[in-house]
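Colleague: This is work_37.txt (compact mmCIF, C-alpha atoms).
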```txt
# COMPACT_ATOMS: atom_id res chain seq x y z
CA MET A 659 23.04 11.05 3.40
CA ASN A 660 19.42 11.45 4.40
CA LEU A 661 15.98 10.29 3.31
CA GLN A 662 14.14 12.37 0.71
CA THR A 663 11.24 13.39 2.91
CA ASN A 664 9.90 16.60 4.37
CA LEU A 665 10.57 15.35 7.88
CA GLU A 666 13.50 16.41 9.99
CA HIS A 667 16.31 13.91 9.68
CA ILE A 668 18.53 12.24 12.24
CA SER A 669 21.98 11.56 10.78
CA THR A 670 24.14 10.59 13.71
CA GLU A 671 23.95 8.98 17.11
CA ALA A 672 24.87 12.35 18.61
CA ASP A 673 21.85 13.91 16.84
CA TYR A 674 19.68 11.16 18.22
CA ASN A 675 20.93 11.62 21.78
CA LYS A 676 20.40 15.38 21.66
CA ILE A 677 16.88 15.04 20.24
CA VAL A 678 15.96 12.49 22.87
CA SER A 679 17.29 14.64 25.71
CA ASP A 680 15.68 17.84 24.38
CA ASN A 681 12.17 16.55 23.63
CA GLU A 682 9.45 14.87 25.64
CA ASN A 683 7.50 13.08 22.89
CA ILE A 684 9.24 11.77 19.78
CA MET A 685 8.31 9.52 16.86
CA ILE A 686 11.23 8.29 14.72
CA CYS A 687 10.80 6.26 11.55
CA CYS A 688 13.95 4.44 10.47
CA GLY A 689 13.75 3.10 6.93
CA ARG A 690 14.60 3.50 3.26
CA MET A 691 12.82 5.14 0.34
CA GLY A 692 10.97 1.87 -0.20
CA PRO A 693 7.35 0.92 -0.71
CA MET A 694 6.64 0.02 2.91
CA CYS A 695 8.43 3.06 4.32
CA VAL A 696 7.27 5.91 2.10
CA PRO A 697 3.61 5.70 3.16
CA VAL A 698 4.67 5.99 6.81
CA TYR A 699 6.79 9.11 6.13
CA ALA A 700 3.86 10.63 4.24
CA GLU A 701 1.52 10.03 7.15
CA MET A 702 4.09 11.50 9.55
CA GLU A 703 4.52 14.60 7.40
CA ASP A 704 0.79 15.10 7.53
CA LEU A 705 0.43 14.31 11.24
CA GLN A 706 3.08 16.89 12.21
CA ASN A 707 0.39 19.56 11.93
CA GLU A 708 -2.07 17.65 14.11
CA TYR A 709 0.30 16.61 16.89
CA SER A 710 2.18 19.71 17.92
CA ASN A 711 3.19 17.97 21.17
CA VAL A 712 5.19 15.35 19.25
CA LYS A 713 8.44 15.75 17.30
CA PHE A 714 8.60 13.68 14.12
CA TYR A 715 11.90 12.48 12.64
CA ASP A 716 13.21 9.96 10.17
CA MET A 717 16.56 8.21 9.89
CA LEU A 718 18.09 6.33 6.98
CA PHE A 719 18.21 2.65 7.94
CA ASP A 720 21.51 2.05 6.15
CA LEU A 721 23.48 4.69 8.01
CA PRO A 722 26.00 2.93 10.26
CA GLU A 723 24.85 5.16 13.10
CA ALA A 724 21.24 4.06 12.61
CA GLY A 725 22.35 1.13 14.71
CA VAL A 726 21.12 3.28 17.58
CA ILE A 727 17.62 2.32 16.42
CA ARG A 728 18.28 -0.97 14.58
CA ASN A 729 19.87 -2.47 17.68
CA MET A 730 17.36 -1.29 20.25
CA PRO A 731 16.11 -4.19 22.37
CA GLU A 732 12.58 -3.04 21.51
CA CYS A 733 13.37 -3.75 17.83
CA ALA A 734 14.73 -7.24 18.42
CA GLY A 735 12.96 -9.67 16.12
CA PHE A 736 11.96 -6.95 13.66
CA MET A 737 12.30 -8.12 10.05
CA GLY A 738 10.29 -5.55 8.17
CA LEU A 739 11.01 -1.97 7.23
CA PRO A 740 10.52 0.61 8.55
CA PHE A 741 11.39 0.34 12.22
CA THR A 742 9.34 3.00 14.00
CA VAL A 743 9.95 3.96 17.60
CA TYR A 744 7.98 6.19 19.95
CA ILE A 745 9.98 7.79 22.76
CA LYS A 746 8.62 9.54 25.84
CA ASN A 747 10.92 11.22 28.32
CA GLY A 748 13.90 9.36 26.91
CA LYS A 749 12.28 5.92 27.05
CA VAL A 750 11.05 3.83 24.14
CA VAL A 751 7.38 3.32 24.90
CA LYS A 752 6.36 1.59 21.66
CA ALA A 753 8.07 0.17 18.58
CA THR A 754 6.57 -1.17 15.37
CA SER A 755 7.93 -3.01 12.34
CA SER A 756 6.74 -2.73 8.71
CA ILE A 757 4.16 -0.43 7.16
CA GLN A 758 1.59 1.16 9.47
CA SER A 759 -1.67 2.80 8.50
CA ARG A 760 -2.70 6.26 9.66
CA GLU A 761 -5.16 4.63 12.07
CA GLN A 762 -2.43 2.45 13.58
CA ILE A 763 -0.08 5.42 13.97
CA THR A 764 -2.65 7.75 15.51
CA GLU A 765 -3.83 5.04 17.86
CA ILE A 766 -0.28 4.79 19.21
CA LEU A 767 0.25 8.57 19.31
CA ASP A 768 -3.00 9.01 21.20
CA SER A 769 -2.23 6.28 23.68
CA VAL A 770 1.44 6.85 24.48
CA PHE A 771 1.74 10.66 24.35
CA MET B 1422 -10.92 24.31 2.15
CA LYS B 1423 -13.67 26.86 1.46
CA ASP B 1424 -14.75 25.80 -2.01
CA LYS B 1425 -16.92 22.70 -1.77
CA LYS B 1426 -18.62 22.63 -5.20
CA PHE B 1427 -16.92 20.81 -8.06
CA ASP B 1428 -17.91 19.53 -11.46
CA ILE B 1429 -16.26 16.17 -10.93
CA ILE B 1430 -14.96 14.48 -7.80
CA ILE B 1431 -12.58 11.55 -8.10
CA ILE B 1432 -12.37 9.13 -5.19
CA GLY B 1433 -8.89 7.62 -5.10
CA GLY B 1434 -5.44 8.94 -5.96
CA GLY B 1435 -3.70 6.04 -7.65
CA PRO B 1436 -2.70 6.07 -11.33
CA ALA B 1437 -6.34 5.82 -12.46
CA GLY B 1438 -7.53 8.66 -10.22
CA LEU B 1439 -4.58 10.95 -10.94
CA THR B 1440 -4.86 10.38 -14.69
CA ALA B 1441 -8.56 11.17 -14.53
CA GLY B 1442 -7.69 14.28 -12.51
CA LEU B 1443 -5.16 15.35 -15.13
CA TYR B 1444 -7.59 14.94 -18.04
CA VAL B 1445 -10.49 16.65 -16.28
CA ALA B 1446 -8.36 19.57 -15.08
CA ARG B 1447 -6.76 19.99 -18.48
CA ALA B 1448 -10.26 20.31 -19.97
CA LYS B 1449 -10.76 23.28 -17.61
CA VAL B 1450 -13.39 21.37 -15.65
CA LYS B 1451 -13.35 21.87 -11.90
CA VAL B 1452 -12.08 18.71 -10.26
CA LEU B 1453 -11.18 17.40 -6.81
CA VAL B 1454 -9.38 14.16 -5.99
CA LEU B 1455 -10.25 12.75 -2.57
CA ASN B 1456 -7.75 10.19 -1.46
CA GLU B 1457 -7.96 8.22 1.77
CA GLY B 1458 -4.30 7.25 1.69
CA ILE B 1459 -1.29 8.80 0.04
CA SER B 1460 -1.09 9.48 -3.66
CA GLY B 1461 -0.09 6.58 -5.86
CA GLY B 1462 -2.13 3.74 -4.41
CA GLN B 1463 -0.64 0.32 -4.99
CA MET B 1464 1.86 1.90 -7.38
CA VAL B 1465 3.77 3.29 -4.39
CA LEU B 1466 4.39 -0.27 -3.26
CA THR B 1467 6.34 -1.06 -6.44
CA HIS B 1468 10.05 -0.67 -6.02
CA GLU B 1469 10.87 -0.40 -9.69
CA ILE B 1470 8.54 0.07 -12.64
CA ALA B 1471 10.12 -0.98 -15.92
CA ASN B 1472 7.07 -1.31 -18.17
CA TYR B 1473 5.62 2.18 -18.19
CA PRO B 1474 6.02 3.39 -21.77
CA GLY B 1475 8.47 6.23 -22.31
CA ILE B 1476 10.28 5.75 -19.01
CA ASN B 1477 13.10 3.24 -18.71
CA THR B 1478 12.73 2.60 -15.00
CA ILE B 1479 11.24 4.63 -12.17
CA SER B 1480 10.17 3.92 -8.61
CA GLY B 1481 6.45 3.77 -7.91
CA PHE B 1482 6.93 6.58 -5.43
CA MET B 1483 8.48 8.92 -8.00
CA LEU B 1484 5.93 8.08 -10.69
CA SER B 1485 3.16 8.83 -8.18
CA ARG B 1486 4.73 12.15 -7.31
CA ASN B 1487 5.14 13.06 -10.97
CA MET B 1488 1.55 12.13 -11.77
CA GLN B 1489 0.21 14.22 -8.90
CA LYS B 1490 2.36 17.23 -9.78
CA GLN B 1491 1.30 17.02 -13.41
CA ALA B 1492 -2.41 16.87 -12.49
CA GLU B 1493 -2.02 19.75 -10.02
CA SER B 1494 -0.21 21.85 -12.59
CA PHE B 1495 -3.47 21.96 -14.59
CA GLY B 1496 -5.56 22.91 -11.57
CA CYS B 1497 -6.58 19.53 -10.16
CA ILE B 1498 -6.92 19.70 -6.37
CA VAL B 1499 -5.72 16.62 -4.52
CA LYS B 1500 -6.71 16.05 -0.90
CA SER B 1501 -4.93 13.06 0.61
CA ASN B 1502 -5.08 11.35 3.99
CA ILE B 1503 -8.75 12.11 4.38
CA LYS B 1504 -11.56 9.85 5.55
CA ILE B 1505 -14.77 9.65 3.54
CA THR B 1506 -17.41 9.24 6.19
CA SER B 1507 -20.56 9.23 4.03
CA PHE B 1508 -21.76 9.88 0.51
CA ASN B 1509 -24.83 10.12 -1.67
CA LEU B 1510 -24.12 9.26 -5.27
CA GLU B 1511 -27.63 8.60 -6.52
CA GLY B 1512 -29.01 12.11 -6.89
CA LYS B 1513 -28.35 14.61 -9.67
CA VAL B 1514 -25.97 16.35 -7.29
CA LYS B 1515 -23.55 13.89 -5.70
CA THR B 1516 -22.36 14.63 -2.18
CA ILE B 1517 -19.34 13.26 -0.35
CA THR B 1518 -18.72 13.97 3.31
CA VAL B 1519 -15.12 14.03 4.48
CA ASN B 1520 -13.98 13.68 8.08
CA GLU B 1521 -17.64 13.91 9.18
CA LYS B 1522 -17.76 17.66 8.57
CA ASP B 1523 -16.83 18.79 5.06
CA VAL B 1524 -19.52 18.11 2.47
CA PHE B 1525 -18.31 18.27 -1.15
CA GLU B 1526 -20.65 18.40 -4.13
CA ALA B 1527 -20.18 17.34 -7.73
CA LYS B 1528 -22.20 16.64 -10.86
CA ALA B 1529 -20.27 13.44 -11.54
CA VAL B 1530 -18.06 11.11 -9.55
CA ILE B 1531 -15.28 8.78 -10.68
CA ILE B 1532 -14.54 5.92 -8.30
CA ALA B 1533 -10.87 4.92 -8.49
CA THR B 1534 -10.34 3.36 -5.09
CA GLY B 1535 -8.07 0.57 -6.34
CA GLY B 1536 -7.22 -2.50 -4.35
CA LYS B 1537 -5.12 -3.62 -1.42
CA SER B 1538 -2.95 -6.66 -0.78
CA ARG B 1539 -4.96 -9.72 0.05
CA LYS B 1540 -4.13 -11.24 3.41
CA LEU B 1541 -4.46 -14.84 4.48
CA ASN B 1542 -6.47 -13.70 7.52
CA ILE B 1543 -5.29 -16.55 9.72
CA GLU B 1544 -4.01 -16.81 13.27
CA GLY B 1545 -0.67 -15.11 13.83
CA GLU B 1546 -0.65 -13.11 10.59
CA ASN B 1547 -1.09 -9.68 12.16
CA GLU B 1548 1.08 -10.57 15.15
CA PHE B 1549 4.10 -11.52 13.04
CA THR B 1550 3.80 -8.99 10.22
CA GLY B 1551 7.16 -7.23 10.20
CA LYS B 1552 8.53 -9.95 12.46
CA GLY B 1553 8.93 -12.63 9.81
CA ILE B 1554 5.85 -12.08 7.65
CA SER B 1555 6.17 -9.64 4.77
CA TYR B 1556 4.26 -8.51 1.71
CA CYS B 1557 7.24 -6.83 0.02
CA ALA B 1558 10.30 -8.76 -1.15
CA THR B 1559 12.28 -5.71 -2.20
CA CYS B 1560 11.72 -4.06 1.19
CA ASP B 1561 12.44 -6.92 3.51
CA GLY B 1562 14.37 -9.50 1.49
CA ASP B 1563 17.73 -8.59 3.00
CA PHE B 1564 16.54 -9.49 6.51
CA PHE B 1565 16.53 -13.10 5.32
CA GLN B 1566 20.12 -13.55 4.23
CA ASP B 1567 20.96 -17.30 4.27
CA LYS B 1568 17.62 -18.07 5.87
CA GLU B 1569 14.84 -20.39 4.86
CA ILE B 1570 11.61 -18.80 3.74
CA ILE B 1571 8.21 -19.55 2.27
CA VAL B 1572 6.45 -17.65 -0.49
CA VAL B 1573 2.67 -18.04 -0.57
CA GLY B 1574 0.86 -17.79 -3.90
CA GLY B 1575 0.83 -19.09 -7.43
CA GLY B 1576 0.57 -16.04 -9.67
CA ASN B 1577 3.27 -14.02 -11.42
CA SER B 1578 4.06 -11.94 -8.33
CA ALA B 1579 4.60 -14.99 -6.12
CA LEU B 1580 6.72 -16.80 -8.71
CA GLU B 1581 8.85 -13.80 -9.66
CA GLU B 1582 9.37 -12.65 -6.08
CA ALA B 1583 10.26 -16.20 -5.00
CA VAL B 1584 13.06 -16.23 -7.55
CA ALA B 1585 14.12 -12.69 -6.58
CA LEU B 1586 14.31 -13.73 -2.92
CA THR B 1587 16.84 -16.47 -3.73
CA GLN B 1588 19.51 -13.75 -3.86
CA TYR B 1589 19.13 -13.55 -0.08
CA ALA B 1590 17.59 -16.77 1.19
CA LYS B 1591 19.29 -20.15 1.13
CA LYS B 1592 16.01 -21.86 0.29
CA VAL B 1593 12.60 -20.64 -0.88
CA THR B 1594 9.55 -22.89 -0.69
CA ILE B 1595 6.46 -21.88 -2.63
CA VAL B 1596 3.25 -22.93 -0.90
CA HIS B 1597 0.26 -22.89 -3.22
CA GLN B 1598 -3.26 -24.20 -2.81
CA PHE B 1599 -3.59 -25.67 -6.32
CA ASP B 1600 -1.59 -28.25 -8.27
CA HIS B 1601 -0.85 -25.71 -11.00
CA PHE B 1602 0.15 -22.04 -11.17
CA GLN B 1603 -1.68 -19.01 -12.53
CA GLY B 1604 1.49 -17.22 -13.65
CA PHE B 1605 2.93 -16.83 -17.12
CA LYS B 1606 4.75 -19.84 -18.56
CA HIS B 1607 8.18 -18.20 -18.39
CA ALA B 1608 7.69 -17.26 -14.71
CA ILE B 1609 6.65 -20.83 -13.87
CA GLU B 1610 9.61 -22.32 -15.74
CA THR B 1611 12.09 -19.93 -14.12
CA ALA B 1612 10.84 -20.83 -10.64
CA LYS B 1613 10.70 -24.57 -11.37
CA ASN B 1614 14.23 -24.60 -12.77
CA HIS B 1615 15.77 -22.66 -9.89
CA LYS B 1616 17.88 -24.85 -7.63
CA LYS B 1617 16.99 -22.90 -4.47
CA VAL B 1618 13.21 -23.03 -5.08
CA ASP B 1619 10.98 -25.93 -4.16
CA PHE B 1620 7.24 -26.39 -3.86
CA ILE B 1621 4.51 -27.56 -1.53
CA LEU B 1622 1.41 -27.72 -3.71
CA GLU B 1623 -2.26 -28.33 -2.94
CA SER B 1624 -1.55 -27.02 0.54
CA GLU B 1625 -2.14 -23.91 2.57
CA ILE B 1626 -0.78 -22.28 5.70
CA VAL B 1627 -3.38 -22.39 8.45
CA ARG B 1628 -1.46 -20.83 11.33
CA PHE B 1629 1.70 -18.86 12.09
CA TYR B 1630 3.50 -19.37 15.37
CA GLY B 1631 6.47 -17.91 17.20
CA SER B 1632 7.46 -15.86 20.19
CA GLN B 1633 9.41 -12.65 19.62
CA SER B 1634 9.39 -13.32 15.88
CA LEU B 1635 8.04 -15.96 13.53
CA ASP B 1636 9.29 -19.46 14.25
CA GLY B 1637 7.20 -21.54 11.89
CA VAL B 1638 3.90 -22.37 10.25
CA ILE B 1639 1.26 -25.07 10.32
CA ILE B 1640 0.54 -26.28 6.80
CA LYS B 1641 -2.55 -28.20 5.78
CA ASP B 1642 -2.38 -30.70 2.93
CA LEU B 1643 -5.62 -30.00 1.07
CA LYS B 1644 -5.76 -33.49 -0.46
CA THR B 1645 -5.56 -35.38 2.83
CA ALA B 1646 -6.53 -32.64 5.33
CA ASN B 1647 -3.43 -33.61 7.33
CA GLU B 1648 -1.61 -30.78 9.05
CA PHE B 1649 2.11 -30.58 9.65
CA THR B 1650 4.53 -28.12 11.20
CA LYS B 1651 7.33 -26.45 9.27
CA LYS B 1652 9.96 -24.36 10.98
CA ILE B 1653 10.66 -21.29 8.90
CA ASP B 1654 12.42 -17.94 9.24
CA GLY B 1655 10.13 -15.89 7.05
CA VAL B 1656 6.98 -15.93 4.94
CA PHE B 1657 6.24 -13.63 2.01
CA ILE B 1658 2.61 -13.44 0.93
CA PHE B 1659 1.63 -12.64 -2.67
CA ILE B 1660 -1.94 -13.76 -3.17
CA GLY B 1661 -3.33 -10.87 -5.13
CA TYR B 1662 -5.44 -7.88 -4.32
CA VAL B 1663 -8.94 -7.20 -3.09
CA PRO B 1664 -10.88 -4.30 -4.60
CA GLN B 1665 -11.70 -1.50 -2.18
CA THR B 1666 -15.36 -1.27 -3.00
CA MET B 1667 -17.15 -2.29 0.17
CA PRO B 1668 -18.64 1.15 0.90
CA PHE B 1669 -20.42 1.04 -2.47
CA LYS B 1670 -21.79 -2.49 -2.30
CA ASN B 1671 -25.41 -1.56 -1.66
CA ILE B 1672 -25.75 1.02 -4.39
CA ILE B 1673 -23.39 0.10 -7.21
CA LYS B 1674 -23.45 -3.19 -9.09
CA LEU B 1675 -20.49 -5.34 -8.09
CA SER B 1676 -19.18 -8.60 -9.46
CA LYS B 1677 -18.93 -11.73 -7.29
CA ARG B 1678 -15.35 -10.68 -6.52
CA GLY B 1679 -16.52 -7.28 -5.32
CA GLU B 1680 -15.32 -5.37 -8.40
CA ILE B 1681 -17.43 -2.53 -9.79
CA ILE B 1682 -19.18 -3.48 -13.02
CA ALA B 1683 -18.97 -0.88 -15.76
CA ASP B 1684 -19.59 -0.58 -19.50
CA LYS B 1685 -16.94 0.30 -22.10
CA ASN B 1686 -17.33 3.98 -21.14
CA MET B 1687 -16.50 3.18 -17.49
CA ALA B 1688 -20.09 4.08 -16.56
CA THR B 1689 -21.64 2.24 -13.61
CA ASN B 1690 -25.33 1.50 -13.09
CA ILE B 1691 -25.76 4.94 -11.47
CA PRO B 1692 -25.98 7.90 -13.87
CA GLY B 1693 -23.03 10.22 -13.38
CA VAL B 1694 -20.95 7.67 -11.50
CA PHE B 1695 -17.95 6.26 -13.34
CA VAL B 1696 -15.20 3.86 -12.31
CA ALA B 1697 -11.52 3.48 -13.19
CA GLY B 1698 -8.59 1.28 -12.25
CA ASP B 1699 -8.18 -1.86 -10.19
CA CYS B 1700 -11.55 -1.59 -8.45
CA ARG B 1701 -13.26 -2.20 -11.80
CA GLU B 1702 -14.17 -5.66 -13.06
CA LYS B 1703 -11.47 -6.56 -15.59
CA ASN B 1704 -8.80 -9.12 -16.31
CA ILE B 1705 -5.58 -7.15 -16.61
CA ARG B 1706 -4.44 -4.91 -13.78
CA GLN B 1707 -1.42 -2.82 -14.67
CA ILE B 1708 -0.50 0.83 -14.21
CA THR B 1709 -1.01 1.27 -17.93
CA THR B 1710 -4.53 -0.18 -17.82
CA ALA B 1711 -5.37 2.01 -14.81
CA VAL B 1712 -4.16 5.04 -16.74
CA SER B 1713 -6.31 3.98 -19.68
CA ASP B 1714 -9.38 3.63 -17.45
CA GLY B 1715 -8.64 7.01 -15.90
CA THR B 1716 -8.54 8.63 -19.31
CA ILE B 1717 -11.78 7.08 -20.53
CA SER B 1718 -13.67 7.76 -17.31
CA ALA B 1719 -12.53 11.39 -17.29
CA LEU B 1720 -13.57 12.09 -20.87
CA LYS B 1721 -16.90 10.32 -20.42
CA ALA B 1722 -17.58 12.11 -17.14
CA ILE B 1723 -16.90 15.44 -18.84
CA GLU B 1724 -19.23 14.43 -21.67
CA TYR B 1725 -21.87 13.49 -19.08
CA ILE B 1726 -21.81 16.78 -17.19
CA GLN B 1727 -21.77 18.82 -20.40
CA SER B 1728 -24.83 16.98 -21.68
CA LYS B 1729 -26.85 17.93 -18.61
```
The structure given in the file should be rewritten as structure tokens.

Modeller:
Amino acid sequence: MNLQTNLEHISTEADYNKIVSDNENIMICCGRMGPMCVPVYAEMEDLQNEYSNVKFYDMLFDLPEAGVIRNMPECAGFMGLPFTVYIKNGKVVKATSSIQSREQITEILDSVF
Amino acid sequence: MKDKKFDIIIIGGGPAGLTAGLYVARAKVKVLVLNEGISGGQMVLTHEIANYPGINTISGFMLSRNMQKQAESFGCIVKSNIKITSFNLEGKVKTITVNEKDVFEAKAVIIATGGKSRKLNIEGENEFTGKGISYCATCDGDFFQDKEIIVVGGGNSALEEAVALTQYAKKVTIVHQFDHFQGFKHAIETAKNHKKVDFILESEIVRFYGSQSLDGVIIKDLKTANEFTKKIDGVFIFIGYVPQTMPFKNIIKLSKRGEIIADKNMATNIPGVFVAGDCREKNIRQITTAVSDGTISALKAIEYIQSK
């Protein structure tokens, strides 16, 4: 089961590991089809065209294998959906909790990638 | 986008803006919706809508999508995720500059910029948003299973969401600055009669504190000015909306609350500039009233351009 977005989806931990090993710059939004998450997916769908150096993915928060993101040390203390992580060369370089505006997302993309 | 000249430009893509777009496009009038966020506005933040006539229940996200598709099917162009960098609404030809480069022209403009959640704007609020502070009970409620939380506010949203959050939290305390509530009688009674809900009235949170996540709040008793600390796992804030009208404050008449003042035809003090939805001065803010405003503003804007 995946999110109903136009982003590429991560469904399993194996998917996640392959994507992380194959790509230099990655943004993954882990959430539900809820009010705080949907605006972030929409921004990501739009930003895909602007940031060709970054791969954009989502992952359904309730998948058991989404624990790969839910349980990241960088997400400890997060209590707001979605959990969004930015990965460079296999390392989480930034993580955010709850809704983020386009300005907040692009500020991170510009600074970490 | 090559074509920059339109009959009517609508600023904002919530229910008011999309309804206006639908009506204008259906009248075969050339229309563009410029939307700084994603389509749907505040409606997208509603998990389940159960009071939109003709539809039993629908998510705000799906209703937004449907509204946009319907408007587009009649020829309305919707441009989302743009930034309006300047505008001139006072002349006969209105101009709106997008992303500092694209200048769009129209004979009339409908402002439907809506509102956004009001924040407390106090120390720690930004730092702990998503780490204990939330503005959406349906999104984040399940992070607070068997925990103790605060709900801030005294209107229908605060009261109803406080009760809804009791399905997760072991205790919900409503903190409100007055000694009475602004919500409907049934919402007040339901909250007051709930065994998991209690109240701290005539008080306000003045600071959030914590380390990795929220640990507690400092609350000020407004009667005595005394401050005290309360350890808490989470805080949900429902203190209403602020109209998104600041860019227009020097040219369009606003109320003391920053809402755009309009007549019964949704016309503002500037000829050819109309307003619709939550950014307008009015008492009732619902999707249905936004849709109503959108309809009236569209038909009156069409009438305006055809009279010129």

Colleague: One decimal, in Å: what's the spacing between CA of Met737 in chain A and CA of Thr1550 in chain B?

Modeller: 8.5 Å

Colleague: Hey, what's within 9 Å of range 715-721 of chain A if we count all atoms listed in the file and toss same-chain stuff fewer than 6 positions away? As a list of chain:residue names, please?

Modeller: A:Met659, A:Asn660, A:Leu661, A:Thr663, A:Leu665, A:Glu666, A:His667, A:Ile668, A:Ser669, A:Thr670, A:Ile684, A:Met685, A:Ile686, A:Cys687, A:Cys688, A:Gly689, A:Arg690, A:Met691, A:Tyr699, A:Met702, A:Ile727, A:Arg728, A:Leu739, A:Pro740, A:Phe741, A:Thr742

Colleague: Got a sec to pull out which chain B residues are within 7 Å of chain A, counting all atoms listed in the file, and send them as a ChimeraX atom specification?

Modeller: /B:1459,1465-1468,1551-1553,1555,1560-1561,1564,1633-1634

Colleague: Would you put the residues from that selection into a file with C-alpha atoms, as a PDB file, in the frame of the given file?

Modeller:
```pdb
ATOM      1  CA  ILE B1459      -1.290   8.800   0.040  1.00  0.00           C
ATOM      2  CA  VAL B1465       3.770   3.290  -4.390  1.00  0.00           C
ATOM      3  CA  LEU B1466       4.390  -0.270  -3.260  1.00  0.00           C
ATOM      4  CA  THR B1467       6.340  -1.060  -6.440  1.00  0.00           C
ATOM      5  CA  HIS B1468      10.050  -0.670  -6.020  1.00  0.00           C
ATOM      6  CA  GLY B1551       7.160  -7.230  10.200  1.00  0.00           C
ATOM      7  CA  LYS B1552       8.530  -9.950  12.460  1.00  0.00           C
ATOM      8  CA  GLY B1553       8.930 -12.630   9.810  1.00  0.00           C
ATOM      9  CA  SER B1555       6.170  -9.640   4.770  1.00  0.00           C
ATOM     10  CA  CYS B1560      11.720  -4.060   1.190  1.00  0.00           C
ATOM     11  CA  ASP B1561      12.440  -6.920   3.510  1.00  0.00           C
ATOM     12  CA  PHE B1564      16.540  -9.490   6.510  1.00  0.00           C
ATOM     13  CA  GLN B1633       9.410 -12.650  19.620  1.00  0.00           C
ATOM     14  CA  SER B1634       9.390 -13.320  15.880  1.00  0.00           C
TER      15      SER B1634
END
```

Colleague: So, counting only C-alpha atoms, which residue among B:Glu1548, B:Lys1426, B:Ile1571, B:Asn1647 is closest to Lys1528 in chain B?

Modeller: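 Using only C-alpha atoms, Lys1528 in chain B sits closest to B:Lys1426.
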
Colleague: Report as a VMD selection string all protein, DNA and RNA residues lying within 8 Å of Val1450 in chain B, evaluated on only C-alpha atoms, omitting residues in the same chain fewer than 5 positions from it.

Modeller: chain B and resid 1428 to 1429 1445 1723

Colleague: Which value, in Å to one decimal, gives the distance between CA of Lys1651 in chain B and CA of Asp1636 in chain B?

Modeller: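 A separation of 8.8 Å between them.
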
Colleague: Using all atoms listed in the file, pick whichever of A:Ala724, A:Val770, A:Gly748, A:Gln706 has the shortest atom-to-atom distance to Lys676 in chain A.

Modeller: A:Gly748

Colleague: Point out the residue among B:Cys1497, B:Met1483, B:Ile1705, B:Ile1653 with the least atom-to-atom distance to Asp1567 in chain B, counting all atoms listed in the file.

Modeller: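 Among the listed residues, the smallest separation from Asp1567 in chain B belongs to B:Ile1653.
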
Colleague: In file coordinates, which residues lie within 8 Å of (-20.5, 2.6, -13.9) using all atoms listed in the file, given as an MDAnalysis selection string?

Modeller: chainID B and resid 1673 1681:1684 1687:1692 1694:1696
